[in-house]
>>> print(open('query-v6.csv').read())   # CSV, C-alpha atoms and all ligand atoms
chain,number,residue,atom,x,y,z
A,1,MET,CA,59.6,82.4,112.0
A,2,SER,CA,59.4,79.7,114.7
A,3,PRO,CA,61.8,76.7,114.6
A,4,LEU,CA,58.8,74.5,113.9
A,5,GLU,CA,57.8,76.7,111.0
A,6,SER,CA,61.3,76.6,109.6
A,7,LEU,CA,61.3,72.8,109.8
A,8,VAL,CA,57.9,72.6,108.1
A,9,ARG,CA,58.9,75.0,105.3
A,10,GLU,CA,62.1,73.0,104.7
A,11,ALA,CA,60.1,69.7,104.6
A,12,SER,CA,57.5,71.1,102.3
A,13,THR,CA,60.0,72.5,99.8
A,14,LEU,CA,62.9,70.1,99.8
A,15,GLY,CA,61.1,66.8,99.9
A,16,ASP,CA,63.1,63.8,101.0
A,17,GLY,CA,66.8,64.1,100.5
A,18,ARG,CA,68.1,63.3,103.9
A,19,PRO,CA,71.1,61.0,104.4
A,20,GLY,CA,70.1,57.5,105.3
A,21,ALA,CA,66.5,57.9,104.1
A,22,PRO,CA,65.0,54.9,102.4
A,23,ARG,CA,65.1,55.1,98.7
A,24,VAL,CA,61.6,55.2,97.2
A,25,ILE,CA,61.4,54.6,93.5
A,26,PRO,CA,58.0,55.6,92.1
A,27,ILE,CA,56.7,53.3,89.4
A,28,ARG,CA,55.7,56.4,87.4
A,29,ALA,CA,55.9,60.2,87.9
A,30,ALA,CA,53.5,61.4,90.6
A,31,THR,CA,50.4,63.2,89.5
A,32,ALA,CA,49.6,66.6,90.9
A,33,ASP,CA,47.2,65.1,93.5
A,34,GLU,CA,49.7,62.5,94.6
A,35,SER,CA,52.4,65.3,94.9
A,36,GLU,CA,50.0,67.3,97.0
A,37,VAL,CA,49.5,64.3,99.4
A,38,ALA,CA,53.4,64.0,99.6
A,39,ARG,CA,53.6,67.8,100.3
A,40,VAL,CA,51.1,67.9,103.1
A,41,MET,CA,52.4,64.6,104.6
A,42,GLN,CA,55.9,66.1,104.7
A,43,ILE,CA,54.5,69.2,106.6
A,44,CYS,CA,52.5,66.9,108.9
A,45,ASN,CA,55.6,64.8,109.5
A,46,ALA,CA,57.4,67.8,110.8
A,47,CYS,CA,54.4,69.0,112.9
A,48,ARG,CA,52.8,65.7,114.1
A,49,TYR,CA,50.1,67.5,116.1
A,50,CYS,CA,47.4,65.1,114.8
A,51,GLU,CA,49.3,61.9,115.6
A,52,GLY,CA,46.5,60.4,117.7
A,53,PHE,CA,43.6,61.2,115.4
A,54,CYS,CA,43.7,58.2,113.1
A,55,ALA,CA,46.0,55.6,111.5
A,56,VAL,CA,47.2,57.9,108.7
A,57,PHE,CA,49.5,59.8,111.0
A,58,PRO,CA,51.4,56.9,112.6
A,59,ALA,CA,51.6,55.3,109.1
A,60,MET,CA,53.0,58.6,107.9
A,61,THR,CA,55.7,58.7,110.6
A,62,ARG,CA,57.1,55.4,109.2
A,63,ARG,CA,58.0,57.3,106.0
A,64,LEU,CA,60.2,60.3,105.1
A,65,ALA,CA,59.2,60.3,101.4
A,66,PHE,CA,55.8,59.5,99.9
A,67,SER,CA,55.8,57.6,96.6
A,68,PRO,CA,52.6,57.4,94.5
A,69,ALA,CA,51.9,54.0,96.1
A,70,ASP,CA,52.2,55.5,99.5
A,71,ALA,CA,49.9,58.3,98.6
A,72,HIS,CA,47.2,55.8,97.5
A,73,TYR,CA,47.7,53.7,100.6
A,74,LEU,CA,47.4,56.7,103.0
A,75,ALA,CA,44.5,58.2,101.0
A,76,ASN,CA,42.5,55.1,101.5
A,77,LEU,CA,43.4,54.8,105.1
A,78,CYS,CA,41.9,58.3,105.6
A,79,HIS,CA,38.2,58.2,106.5
A,80,ASN,CA,37.7,61.8,105.7
A,81,CYS,CA,36.6,62.5,109.3
A,82,GLY,CA,37.7,66.1,109.0
A,83,ALA,CA,39.4,66.2,112.5
A,84,CYS,CA,42.9,67.1,111.1
A,85,LEU,CA,41.5,70.0,109.0
A,86,HIS,CA,39.6,71.6,111.9
A,87,ALA,CA,42.6,71.2,114.2
A,88,CYS,CA,45.2,72.4,111.8
A,89,GLN,CA,47.1,75.6,112.4
A,90,TYR,CA,48.4,75.5,108.8
A,91,ALA,CA,45.0,75.0,107.2
A,92,PRO,CA,43.8,77.7,104.7
A,93,PRO,CA,44.1,80.6,104.8
A,94,HIS,CA,47.6,79.9,106.1
A,95,GLU,CA,50.1,80.1,103.3
A,96,PHE,CA,50.9,76.4,103.7
A,97,ALA,CA,47.3,75.6,102.9
A,98,VAL,CA,47.4,72.2,104.5
A,99,ASN,CA,44.1,70.4,103.8
A,100,VAL,CA,44.8,66.7,104.5
A,101,PRO,CA,41.2,65.4,104.0
A,102,GLN,CA,40.9,67.2,100.6
A,103,ALA,CA,44.3,66.0,99.4
A,104,MET,CA,43.5,62.4,100.5
A,105,ALA,CA,40.0,62.5,98.9
A,106,ARG,CA,41.4,63.6,95.5
A,107,VAL,CA,43.9,60.7,95.5
A,108,ARG,CA,41.2,58.3,96.6
A,109,GLY,CA,39.1,59.3,93.6
A,110,GLN,CA,42.2,58.6,91.5
A,111,THR,CA,42.7,55.2,93.2
A,112,TYR,CA,39.3,54.0,92.2
A,113,ALA,CA,39.8,55.0,88.5
A,114,ASP,CA,43.4,53.8,88.3
A,115,TYR,CA,42.7,50.4,89.8
A,116,ALA,CA,39.4,49.8,88.1
A,117,TRP,CA,39.0,46.6,86.2
A,118,PRO,CA,38.9,46.5,83.2
A,119,PRO,CA,41.1,49.6,83.1
A,120,SER,CA,39.0,51.2,80.3
A,121,LEU,CA,36.0,51.4,82.7
A,122,GLY,CA,37.9,53.5,85.1
A,123,ARG,CA,36.7,56.5,83.1
A,124,LEU,CA,33.2,55.9,84.5
A,125,TYR,CA,34.4,57.6,87.6
A,126,GLN,CA,34.9,60.9,85.8
A,127,ARG,CA,31.2,61.6,85.3
A,128,ASN,CA,29.9,59.3,88.0
A,129,GLY,CA,26.6,61.0,88.6
A,130,LEU,CA,25.8,60.6,84.9
A,131,THR,CA,26.9,57.0,85.0
A,132,LEU,CA,24.6,56.2,87.9
A,133,ALA,CA,21.7,58.1,86.2
A,134,LEU,CA,22.1,56.1,83.0
A,135,ALA,CA,22.4,52.8,84.8
A,136,LEU,CA,19.2,53.5,86.7
A,137,ALA,CA,17.4,54.5,83.5
A,138,ALA,CA,18.6,51.4,81.8
A,139,GLY,CA,17.6,49.2,84.8
A,140,LEU,CA,14.1,50.7,85.0
A,141,ALA,CA,13.6,50.4,81.2
A,142,LEU,CA,14.7,46.8,81.3
A,143,PHE,CA,12.2,45.7,83.9
A,144,LEU,CA,9.3,47.8,82.6
A,145,LEU,CA,9.8,46.4,79.2
A,146,LEU,CA,10.0,42.8,80.5
A,147,ALA,CA,6.9,43.4,82.6
A,148,VAL,CA,4.9,44.7,79.6
A,149,MET,CA,6.1,41.8,77.5
A,150,ARG,CA,5.3,39.1,80.1
A,151,GLN,CA,2.0,40.6,81.2
A,152,GLY,CA,0.8,41.3,77.7
A,153,GLY,CA,0.4,45.1,77.6
A,154,LEU,CA,0.9,48.4,79.4
A,155,ASN,CA,-2.3,48.0,81.5
A,156,ALA,CA,-0.7,45.1,83.3
A,157,LEU,CA,1.6,47.6,85.1
A,158,TRP,CA,-1.4,48.8,87.1
A,159,GLN,CA,-3.1,45.4,87.8
A,160,ALA,CA,-2.4,43.1,90.7
A,161,PRO,CA,-1.1,39.7,89.7
A,162,SER,CA,-3.8,37.1,90.3
A,163,THR,CA,-1.5,34.7,92.2
A,164,GLY,CA,2.1,34.2,93.3
A,165,GLY,CA,3.0,37.8,94.2
A,166,PHE,CA,5.9,39.2,92.2
A,167,TYR,CA,7.1,35.8,91.1
A,168,ALA,CA,4.0,35.7,88.9
A,169,VAL,CA,5.5,38.7,87.1
A,170,PHE,CA,9.2,37.7,87.1
A,171,PRO,CA,9.8,34.0,87.9
A,172,HIS,CA,12.6,33.3,90.3
A,173,ASN,CA,14.7,31.6,87.6
A,174,LEU,CA,14.4,34.7,85.4
A,175,MET,CA,15.6,37.0,88.2
A,176,VAL,CA,18.6,34.7,89.0
A,177,ALA,CA,19.5,34.6,85.3
A,178,LEU,CA,19.4,38.5,85.1
A,179,PHE,CA,21.1,39.3,88.4
A,180,ALA,CA,23.7,36.6,88.9
A,181,PRO,CA,25.9,37.5,86.0
A,182,VAL,CA,25.8,41.2,86.9
A,183,PHE,CA,26.6,40.5,90.5
A,184,GLY,CA,29.3,38.0,89.6
A,185,TRP,CA,30.9,40.6,87.3
A,186,ALA,CA,30.8,43.2,90.1
A,187,VAL,CA,32.6,40.8,92.5
A,188,LEU,CA,35.2,39.9,89.9
A,189,ALA,CA,35.9,43.5,88.9
A,190,LEU,CA,36.2,44.6,92.6
A,191,THR,CA,38.5,41.7,93.4
A,192,LEU,CA,40.8,42.3,90.5
A,193,GLY,CA,40.8,46.0,91.2
A,194,VAL,CA,41.8,45.7,94.8
A,195,ARG,CA,44.3,43.0,93.9
A,196,GLY,CA,46.3,45.6,91.9
A,197,PHE,CA,46.1,48.1,94.8
A,198,TRP,CA,47.3,45.4,97.2
A,199,ARG,CA,50.2,44.4,94.9
A,200,ASP,CA,51.4,48.0,94.7
A,201,ALA,CA,51.0,48.5,98.5
A,202,ALA,CA,53.2,45.4,99.0
A,203,PRO,CA,52.2,44.9,102.7
A,204,GLY,CA,53.6,41.5,103.3
A,205,SER,CA,51.6,38.6,104.7
A,206,ALA,CA,48.8,39.1,107.2
A,207,SER,CA,48.9,37.4,110.6
A,208,ALA,CA,45.7,36.4,112.5
A,209,PRO,CA,46.0,39.4,114.9
A,210,ALA,CA,46.5,41.8,112.0
A,211,LEU,CA,43.4,40.3,110.3
A,212,ALA,CA,41.4,40.6,113.5
A,213,GLU,CA,42.4,44.2,114.1
A,214,ALA,CA,41.6,45.3,110.5
A,215,GLY,CA,38.2,43.6,110.7
A,216,ASN,CA,37.5,45.2,114.0
A,217,THR,CA,38.5,48.8,112.9
A,218,ALA,CA,36.5,48.3,109.6
A,219,LEU,CA,33.4,46.9,111.2
A,220,ARG,CA,33.4,49.5,114.0
A,221,LEU,CA,34.5,52.4,111.9
A,222,THR,CA,36.9,53.3,114.6
A,223,TYR,CA,38.5,56.1,112.7
A,224,LEU,CA,35.2,58.0,112.3
A,225,GLY,CA,35.6,58.6,116.0
A,226,GLY,CA,38.0,61.5,115.4
A,227,GLY,CA,40.7,59.9,117.6
A,228,HIS,CA,38.9,60.7,120.9
A,229,GLY,CA,35.7,58.8,120.3
A,230,GLU,CA,33.6,61.9,120.2
A,231,GLY,CA,33.2,61.7,116.4
A,232,CYS,CA,33.9,63.6,113.2
A,233,ASN,CA,33.8,67.2,112.3
A,234,ASN,CA,31.1,67.6,109.7
A,235,ASP,CA,30.1,71.2,109.1
A,236,ASP,CA,32.0,73.0,111.8
A,237,ASP,CA,34.4,72.5,114.7
A,238,ALA,CA,31.9,70.5,116.8
A,239,PHE,CA,32.2,66.8,117.0
A,240,THR,CA,29.4,64.5,115.9
A,241,LEU,CA,28.9,60.7,115.9
A,242,TRP,CA,26.1,60.9,113.4
A,243,ARG,CA,28.3,60.1,110.4
A,244,ARG,CA,29.5,57.0,112.1
A,245,ARG,CA,26.0,56.0,113.1
A,246,ALA,CA,24.6,56.7,109.6
A,247,HIS,CA,27.4,54.6,108.0
A,248,HIS,CA,26.7,51.8,110.4
A,249,ALA,CA,23.0,51.9,109.7
A,250,THR,CA,23.7,51.9,105.9
A,251,PHE,CA,26.3,49.1,106.0
A,252,TYR,CA,24.5,46.8,108.3
A,253,GLY,CA,21.1,47.5,106.6
A,254,PHE,CA,22.7,46.6,103.3
A,255,MET,CA,24.1,43.4,104.8
A,256,LEU,CA,20.7,42.4,106.3
A,257,CYS,CA,19.0,42.9,102.9
A,258,PHE,CA,21.7,40.7,101.3
A,259,ALA,CA,21.1,38.1,104.0
A,260,ALA,CA,17.4,38.2,103.4
A,261,THR,CA,18.0,37.5,99.7
A,262,SER,CA,20.4,34.7,100.5
A,263,VAL,CA,18.1,33.0,102.9
A,264,ALA,CA,15.2,33.3,100.4
A,265,THR,CA,17.4,31.6,97.8
A,266,LEU,CA,18.2,28.8,100.2
A,267,TYR,CA,14.5,28.4,101.0
A,268,HIS,CA,13.8,28.2,97.2
A,269,TYR,CA,16.5,25.9,96.0
A,270,VAL,CA,17.4,23.8,99.1
A,271,LEU,CA,14.1,23.5,101.0
A,272,GLY,CA,11.8,23.9,98.1
A,273,TRP,CA,9.8,26.6,99.9
A,274,GLN,CA,8.3,29.0,97.4
A,275,ALA,CA,7.7,32.7,97.9
A,276,PRO,CA,5.8,34.8,98.9
A,277,TYR,CA,6.8,34.2,102.5
A,278,ALA,CA,4.9,35.1,105.6
A,279,PHE,CA,5.6,38.5,107.3
A,280,ASP,CA,7.2,36.7,110.3
A,281,SER,CA,9.4,34.5,108.1
A,282,LEU,CA,13.2,34.9,108.3
A,283,PRO,CA,13.6,36.5,104.8
A,284,LYS,CA,10.9,39.0,105.5
A,285,LEU,CA,12.1,39.9,108.9
A,286,LEU,CA,15.7,40.4,107.7
A,287,GLY,CA,14.5,42.3,104.7
A,288,THR,CA,12.3,44.6,106.7
A,289,VAL,CA,14.9,45.4,109.4
A,290,GLY,CA,17.6,45.8,106.8
A,291,GLY,CA,15.4,48.0,104.5
A,292,VAL,CA,14.5,50.3,107.3
A,293,SER,CA,18.1,50.5,108.5
A,294,LEU,CA,19.4,51.2,105.0
A,295,ALA,CA,16.7,53.8,104.3
A,296,LEU,CA,17.5,55.7,107.6
A,297,GLY,CA,21.2,55.3,107.2
A,298,SER,CA,21.3,56.6,103.6
A,299,ALA,CA,18.9,59.4,104.4
A,300,GLY,CA,21.3,60.4,107.3
A,301,LEU,CA,24.4,60.2,105.0
A,302,GLY,CA,22.6,62.4,102.4
A,303,TRP,CA,21.7,65.0,105.0
A,304,LEU,CA,25.2,65.1,106.5
A,305,ASN,CA,26.7,65.3,103.0
A,306,LEU,CA,24.6,68.3,102.1
A,307,ARG,CA,25.9,70.0,105.3
A,308,ARG,CA,29.5,69.0,105.0
A,309,HIS,CA,32.1,71.8,105.4
A,310,PRO,CA,33.1,72.9,101.8
A,311,LEU,CA,36.8,72.5,102.6
A,312,GLN,CA,36.4,68.8,103.5
A,313,GLY,CA,36.7,66.2,100.7
A,314,ASP,CA,36.7,66.8,97.0
A,315,ALA,CA,33.8,68.8,95.6
A,316,ALA,CA,34.3,67.1,92.2
A,317,GLN,CA,33.3,63.8,93.8
A,318,LYS,CA,30.0,65.1,95.2
A,319,PRO,CA,27.9,63.7,92.3
A,320,MET,CA,29.4,60.3,92.9
A,321,ASP,CA,28.8,60.4,96.6
A,322,ARG,CA,25.3,61.8,96.4
A,323,GLY,CA,24.3,59.6,93.5
A,324,PHE,CA,25.3,56.5,95.4
A,325,ILE,CA,23.5,57.6,98.5
A,326,ALA,CA,20.4,58.3,96.5
A,327,LEU,CA,20.5,55.0,94.8
A,328,LEU,CA,20.8,53.2,98.2
A,329,PHE,CA,17.9,55.1,99.5
A,330,LEU,CA,15.8,54.2,96.4
A,331,VAL,CA,16.7,50.5,96.7
A,332,ALA,CA,15.6,50.5,100.4
A,333,THR,CA,12.4,52.5,100.1
A,334,SER,CA,11.2,50.8,96.9
A,335,GLY,CA,11.9,47.4,98.5
A,336,LEU,CA,9.8,48.4,101.6
A,337,ALA,CA,7.1,49.8,99.3
A,338,LEU,CA,7.1,46.6,97.3
A,339,MET,CA,6.6,44.6,100.4
A,340,LEU,CA,3.7,46.8,101.6
A,341,SER,CA,2.1,46.7,98.1
A,342,HIS,CA,1.5,42.9,98.1
A,343,GLY,CA,-1.8,42.2,96.5
A,344,SER,CA,-2.4,45.8,95.3
A,345,ALA,CA,-2.5,47.3,91.8
A,346,ALA,CA,0.8,49.1,92.5
A,347,LEU,CA,2.8,45.9,93.0
A,348,VAL,CA,4.1,45.6,89.4
A,349,THR,CA,5.2,49.3,89.3
A,350,TRP,CA,7.1,49.0,92.6
A,351,LEU,CA,8.6,45.7,91.5
A,352,CYS,CA,10.0,47.3,88.3
A,353,LEU,CA,11.3,50.3,90.3
A,354,HIS,CA,12.9,48.1,92.9
A,355,LEU,CA,14.5,45.7,90.5
A,356,GLY,CA,15.7,48.4,88.2
A,357,ALA,CA,17.4,50.2,91.1
A,358,VAL,CA,19.0,47.0,92.4
A,359,MET,CA,20.2,46.2,88.9
A,360,ALA,CA,21.7,49.7,88.6
A,361,LEU,CA,23.4,49.3,92.0
A,362,PHE,CA,24.9,45.9,91.2
A,363,ALA,CA,26.1,47.1,87.8
A,364,THR,CA,27.9,50.2,89.2
A,365,LEU,CA,29.3,48.6,92.4
A,366,PRO,CA,32.9,48.4,90.9
A,367,TYR,CA,32.6,51.9,89.2
A,368,GLY,CA,31.2,54.1,92.0
A,369,LYS,CA,31.4,55.0,95.6
A,370,PHE,CA,30.9,51.4,96.8
A,371,ALA,CA,34.5,50.8,95.9
A,372,HIS,CA,35.7,53.0,98.8
A,373,GLY,CA,34.7,50.3,101.3
A,374,VAL,CA,36.8,47.7,99.5
A,375,PHE,CA,39.9,49.8,99.2
A,376,ARG,CA,39.6,51.1,102.7
A,377,VAL,CA,39.5,47.6,104.2
A,378,ALA,CA,42.6,46.7,102.2
A,379,ALA,CA,44.4,49.9,103.5
A,380,LEU,CA,43.3,49.1,107.1
A,381,LEU,CA,44.7,45.6,106.7
A,382,LYS,CA,48.0,46.9,105.3
A,383,TRP,CA,48.2,49.2,108.3
A,384,ALA,CA,47.5,46.4,110.7
A,385,ILE,CA,50.4,44.4,109.1
A,386,GLU,CA,52.7,47.3,108.8
A,387,LYS,CA,52.5,48.4,112.4
A,388,ARG,CA,53.6,45.0,113.5
A,389,GLN,CA,56.8,45.2,111.4
A,390,PRO,CA,59.9,47.0,112.6
A,391,SER,CA,60.1,50.6,111.3
A,392,ARG,CA,62.4,51.1,108.4
A,393,LEU,CA,63.5,54.4,109.9
A,394,LYS,CA,66.3,54.3,112.4
A,395,LEU,CA,69.3,56.4,113.3
A,396,ALA,CA,72.5,55.4,111.5
A,397,ASP,CA,74.9,53.3,113.7
A,398,ASP,CA,78.0,55.5,113.0
B,1,LIG,S1,47.1,68.5,109.7
B,1,LIG,FE1,48.1,70.4,110.4
B,1,LIG,S2,48.1,70.3,112.6
B,1,LIG,FE2,47.7,68.2,111.9
B,1,LIG,S3,49.8,67.3,111.8
B,1,LIG,FE3,49.3,68.2,109.7
B,1,LIG,S4,50.2,70.2,109.8
B,1,LIG,FE4,50.1,69.5,111.9
B,2,LIG,S1,40.5,63.5,107.8
B,2,LIG,FE1,40.4,62.2,109.7
B,2,LIG,S2,40.8,60.2,108.9
B,2,LIG,FE2,41.6,61.6,107.4
B,2,LIG,S3,43.7,62.0,107.9
B,2,LIG,FE3,42.5,63.6,108.9
B,2,LIG,S4,42.2,62.8,111.0
B,2,LIG,FE4,42.8,61.1,109.7
>>> encode(input="query-v6.csv", output="structure tokens")
Amino acid sequence: MSPLESLVREASTLGDGRPGAPRVIPIRAATADESEVARVMQICNACRYCEGFCAVFPAMTRRLAFSPADAHYLANLCHNCGACLHACQYAPPHEFAVNVPQAMARVRGQTYADYAWPPSLGRLYQRNGLTLALALAAGLALFLLLAVMRQGGLNALWQAPSTGGFYAVFPHNLMVALFAPVFGWAVLALTLGVRGFWRDAAPGSASAPALAEAGNTALRLTYLGGGHGEGCNNDDDAFTLWRRRAHHATFYGFMLCFAATSVATLYHYVLGWQAPYAFDSLPKLLGTVGGVSLALGSAGLGWLNLRRHPLQGDAAQKPMDRGFIALLFLVATSGLALMLSHGSAALVTWLCLHLGAVMALFATLPYGKFAHGVFRVAALLKWAIEKRQPSRLKLADD
């Protein structure tokens, strides 16, 4: 056995008991998934081959032991790029069975459920595919029912409104009354959830450079570059930047769609300009570019997810991942179809489909894959703060 392997074996079996090591007191006993993160991090801490891949490894070197709070922090710092699995000499079938992305993914799933607000709704993560399907069915049923009631019968679903576009079917005030409370709830639940995570992570206060660095790494998805800028490993040992590109197209497409809705709301309430707006108006341009970007990005993420190497990530979370991607794709494509159906008999049906999908998306934002972005930004900010602090690990003076 090589000296390195002896060291790795010792670290993986003894845990942290070295003289002078900082005392870490877990708030509760570690779960099996948190213990697995601690085990692989202790092996990696002895090996350190992947030090330059992402922020997880330099954050790891600041620790000798890994409490449950550390496991959650590192798990959310991990972007599941796969680089450290494909590079690892101790990955399965080696007896150490080091699979960092999988261990991190399992704890991330636990993070979302543990920090969900209110706590009882954390169980929605357990069967998340079903949660999304039920939310979508409820959203569609709500808007179909409202359309039938307001238009005076089933036939109205296949008739073009005489004037006013889709506001003739659902007036602006009705849509605000339906969507604002659901969106407000989602923002509140996500804020309170990540506040608990932040409190347990105890990062200290954020300086302006730390905030700027965290914003930069989050917006550029730096750690989907694999540490060398050539990209992730998706289905094999080859590097690809497509996951990073698809994430960018999805995120910025979503933000442009959100901007389109916000500008339209300003037009309506501040300027008194009523929809429908011209094709070259700002809300339509933002919505069109955003919708196309969101559709392409989510389609790309779905394609890459189907091809992902089976050892990467947590197979139990696939329904959550794929359900969320499918919902984003439905929101984007139904929104584009709605825009193109203006004045046609299909407008009401596309309208109900689009609004039902958007309602399902809003309602499940705090209880589905969307949460990963919020927790990851918090973890990136903690790392940007932590790396500016002196390390707690140093040689004893005597
Ligand atoms: S993932 Fe494997 S190669 Fe990379 S640091 Fe850990 S043990 Fe070493
Ligand atoms: S999977 Fe990628 S992001 Fe996650 S720990 Fe490994 S190298 Fe870092």
>>> residues_around(input="query-v6.csv", residues="Phe258 in chain A", least_positions_apart="3", cutoff="12 Å", atoms="only C-alpha atoms", output="PDB file with C-alpha atoms, in the coordinates of the input")
ATOM      1  CA  PHE A 183      26.600  40.500  90.500  1.00  0.00           C
ATOM      2  CA  PHE A 251      26.300  49.100 106.000  1.00  0.00           C
ATOM      3  CA  TYR A 252      24.500  46.800 108.300  1.00  0.00           C
ATOM      4  CA  GLY A 253      21.100  47.500 106.600  1.00  0.00           C
ATOM      5  CA  PHE A 254      22.700  46.600 103.300  1.00  0.00           C
ATOM      6  CA  MET A 255      24.100  43.400 104.800  1.00  0.00           C
ATOM      7  CA  THR A 261      18.000  37.500  99.700  1.00  0.00           C
ATOM      8  CA  SER A 262      20.400  34.700 100.500  1.00  0.00           C
ATOM      9  CA  VAL A 263      18.100  33.000 102.900  1.00  0.00           C
ATOM     10  CA  ALA A 264      15.200  33.300 100.400  1.00  0.00           C
ATOM     11  CA  THR A 265      17.400  31.600  97.800  1.00  0.00           C
ATOM     12  CA  PRO A 283      13.600  36.500 104.800  1.00  0.00           C
ATOM     13  CA  LYS A 284      10.900  39.000 105.500  1.00  0.00           C
ATOM     14  CA  LEU A 286      15.700  40.400 107.700  1.00  0.00           C
ATOM     15  CA  GLY A 287      14.500  42.300 104.700  1.00  0.00           C
ATOM     16  CA  THR A 288      12.300  44.600 106.700  1.00  0.00           C
ATOM     17  CA  VAL A 289      14.900  45.400 109.400  1.00  0.00           C
ATOM     18  CA  GLY A 290      17.600  45.800 106.800  1.00  0.00           C
ATOM     19  CA  GLY A 291      15.400  48.000 104.500  1.00  0.00           C
ATOM     20  CA  LEU A 294      19.400  51.200 105.000  1.00  0.00           C
ATOM     21  CA  VAL A 331      16.700  50.500  96.700  1.00  0.00           C
ATOM     22  CA  ALA A 332      15.600  50.500 100.400  1.00  0.00           C
ATOM     23  CA  VAL A 358      19.000  47.000  92.400  1.00  0.00           C
ATOM     24  CA  PHE A 362      24.900  45.900  91.200  1.00  0.00           C
TER      25      PHE A 362
END
>>> residues_near_ligand(input="query-v6.csv", ligand="ligand LIG 1 (chain B)", cutoff="9 Å", atoms="only C-alpha atoms and all ligand atoms", output="PDB file with C-alpha atoms, keeping the file's coordinate frame")
ATOM      1  CA  VAL A   8      57.900  72.600 108.100  1.00  0.00           C
ATOM      2  CA  VAL A  40      51.100  67.900 103.100  1.00  0.00           C
ATOM      3  CA  MET A  41      52.400  64.600 104.600  1.00  0.00           C
ATOM      4  CA  GLN A  42      55.900  66.100 104.700  1.00  0.00           C
ATOM      5  CA  ILE A  43      54.500  69.200 106.600  1.00  0.00           C
ATOM      6  CA  CYS A  44      52.500  66.900 108.900  1.00  0.00           C
ATOM      7  CA  ASN A  45      55.600  64.800 109.500  1.00  0.00           C
ATOM      8  CA  ALA A  46      57.400  67.800 110.800  1.00  0.00           C
ATOM      9  CA  CYS A  47      54.400  69.000 112.900  1.00  0.00           C
ATOM     10  CA  ARG A  48      52.800  65.700 114.100  1.00  0.00           C
ATOM     11  CA  TYR A  49      50.100  67.500 116.100  1.00  0.00           C
ATOM     12  CA  CYS A  50      47.400  65.100 114.800  1.00  0.00           C
ATOM     13  CA  GLU A  51      49.300  61.900 115.600  1.00  0.00           C
ATOM     14  CA  PHE A  53      43.600  61.200 115.400  1.00  0.00           C
ATOM     15  CA  PHE A  57      49.500  59.800 111.000  1.00  0.00           C
ATOM     16  CA  ALA A  83      39.400  66.200 112.500  1.00  0.00           C
ATOM     17  CA  CYS A  84      42.900  67.100 111.100  1.00  0.00           C
ATOM     18  CA  LEU A  85      41.500  70.000 109.000  1.00  0.00           C
ATOM     19  CA  HIS A  86      39.600  71.600 111.900  1.00  0.00           C
ATOM     20  CA  ALA A  87      42.600  71.200 114.200  1.00  0.00           C
ATOM     21  CA  CYS A  88      45.200  72.400 111.800  1.00  0.00           C
ATOM     22  CA  GLN A  89      47.100  75.600 112.400  1.00  0.00           C
ATOM     23  CA  TYR A  90      48.400  75.500 108.800  1.00  0.00           C
ATOM     24  CA  ALA A  91      45.000  75.000 107.200  1.00  0.00           C
ATOM     25  CA  PHE A  96      50.900  76.400 103.700  1.00  0.00           C
ATOM     26  CA  VAL A  98      47.400  72.200 104.500  1.00  0.00           C
ATOM     27  CA  ASN A  99      44.100  70.400 103.800  1.00  0.00           C
ATOM     28  CA  VAL A 100      44.800  66.700 104.500  1.00  0.00           C
ATOM     29  CA  PRO A 101      41.200  65.400 104.000  1.00  0.00           C
TER      30      PRO A 101
END
>>> closest_residue(input="query-v6.csv", among="A:His248, A:Arg62, A:Arg322, A:His79", to="ligand LIG 2 (chain B)", atoms="only C-alpha atoms and all ligand atoms")
A:His79
>>> residues_near_point(input="query-v6.csv", point="(42.7, 48.9, 100.8)", cutoff="9 Å", atoms="only C-alpha atoms", output="JSON, numbers by chain")
{"A": [72, 73, 76, 77, 194, 197, 198, 201, 372, 373, 374, 375, 376, 377, 378, 379, 380, 381, 382]}
>>> write_last_selection(input="query-v6.csv", atoms="C-alpha atoms", output="PDB file, keeping the file's coordinate frame")
ATOM      1  CA  HIS A  72      47.200  55.800  97.500  1.00  0.00           C
ATOM      2  CA  TYR A  73      47.700  53.700 100.600  1.00  0.00           C
ATOM      3  CA  ASN A  76      42.500  55.100 101.500  1.00  0.00           C
ATOM      4  CA  LEU A  77      43.400  54.800 105.100  1.00  0.00           C
ATOM      5  CA  VAL A 194      41.800  45.700  94.800  1.00  0.00           C
ATOM      6  CA  PHE A 197      46.100  48.100  94.800  1.00  0.00           C
ATOM      7  CA  TRP A 198      47.300  45.400  97.200  1.00  0.00           C
ATOM      8  CA  ALA A 201      51.000  48.500  98.500  1.00  0.00           C
ATOM      9  CA  HIS A 372      35.700  53.000  98.800  1.00  0.00           C
ATOM     10  CA  GLY A 373      34.700  50.300 101.300  1.00  0.00           C
ATOM     11  CA  VAL A 374      36.800  47.700  99.500  1.00  0.00           C
ATOM     12  CA  PHE A 375      39.900  49.800  99.200  1.00  0.00           C
ATOM     13  CA  ARG A 376      39.600  51.100 102.700  1.00  0.00           C
ATOM     14  CA  VAL A 377      39.500  47.600 104.200  1.00  0.00           C
ATOM     15  CA  ALA A 378      42.600  46.700 102.200  1.00  0.00           C
ATOM     16  CA  ALA A 379      44.400  49.900 103.500  1.00  0.00           C
ATOM     17  CA  LEU A 380      43.300  49.100 107.100  1.00  0.00           C
ATOM     18  CA  LEU A 381      44.700  45.600 106.700  1.00  0.00           C
ATOM     19  CA  LYS A 382      48.000  46.900 105.300  1.00  0.00           C
TER      20      LYS A 382
END
>>> residues_around(input="query-v6.csv", residues="range 297-304 of chain A", least_positions_apart="2", cutoff="9 Å", atoms="all atoms listed in the file", output="PyMOL selection string")
chain A and resi 234-235+242-243+245-251+253+292-295+306-308+321-322+325-329+332
